[in-house]
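Visitor: Just dropping this structure here.
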Amino acid sequence: MNEMIRGFDHIGEAYQNHFDMLKKAIATEHEELNRMQVIAWATFFQEQGIPETHITNLNCELYEQLREIMNQPFSTPVGIIEDLEISLVYEIMEAE
């Protein structure tokens with residue numbers, strides 16, 4: 001049992017390290033973003049599994065789409081939110 005708990009600790013630590021790396025990379029690449037915007041983008045990148053190479057593609061228009069997703073009322077059907085997220089992932093990964 002203790003070995004299993006230690007295994008979960010390592011997973012959690014790796015997850016946190018990746019999140020911290022994303023925050024640092026986003027903040028470095030986009031100095032104009034405030035702390036909350038950096039956290040929002042890092043969370044989105046981690047949850048969606050977007051490769052770090054696409055951090056350079058972020059812009060104000062994409063942030064407005066992310067904000068729209070975050071501000072959906074709790075009554076919004078999950079399918080609609082997932083469609084918005086998928087659309088944003090595609091736009092991030094296809095942006096030049």
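If you're wondering about the labels, chains in the structure tokens are A, B, ... by order shown, residues count from 1 in each chain, ligands from 1 in order shown.
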Do you have, as a tab-separated table, the list of residues of stretch 52-91 of chain A lying at most 12 Å from stretch 38-41 of chain A, each with its nearest atom pair and that distance in Å to one decimal, counting only C-alpha atoms and ordered by chain then number?
Guide:
```
residue	atom	partner	partner_atom	distance
A:Glu52	CA	A:Trp41	CA	11.1
A:His54	CA	A:Trp41	CA	11.3
A:Ile55	CA	A:Trp41	CA	8.9
A:Thr56	CA	A:Trp41	CA	11.8
A:Asn57	CA	A:Trp41	CA	11.7
A:Leu58	CA	A:Trp41	CA	8.8
A:Asn59	CA	A:Trp41	CA	10.8
A:Cys60	CA	A:Trp41	CA	11.7
A:Leu62	CA	A:Trp41	CA	10.1
A:Tyr63	CA	A:Trp41	CA	8.2
A:Glu64	CA	A:Trp41	CA	11.4
A:Gln65	CA	A:Trp41	CA	11.3
A:Leu66	CA	A:Trp41	CA	8.1
A:Arg67	CA	A:Ala40	CA	8.7
A:Ile69	CA	A:Ala40	CA	10.9
A:Met70	CA	A:Ala40	CA	8.9
A:Leu88	CA	A:Trp41	CA	11.5
A:Val89	CA	A:Trp41	CA	11.3
```
Visitor: Considering only C-alpha atoms, state which residue in the set A:Met21, A:Gln16, A:Glu29, A:Pro51 is at the smallest distance from A:Met93.
Guide: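 Closest to A:Met93 of all the choices is A:Pro51.
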Visitor: Can you tell me how far atom CA of A:Leu22 sits from atom CA of A:Ala42, in Å to one decimal?
Guide: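 So the two atoms, atom CA of A:Leu22 and atom CA of A:Ala42, lie 5.4 Å apart.
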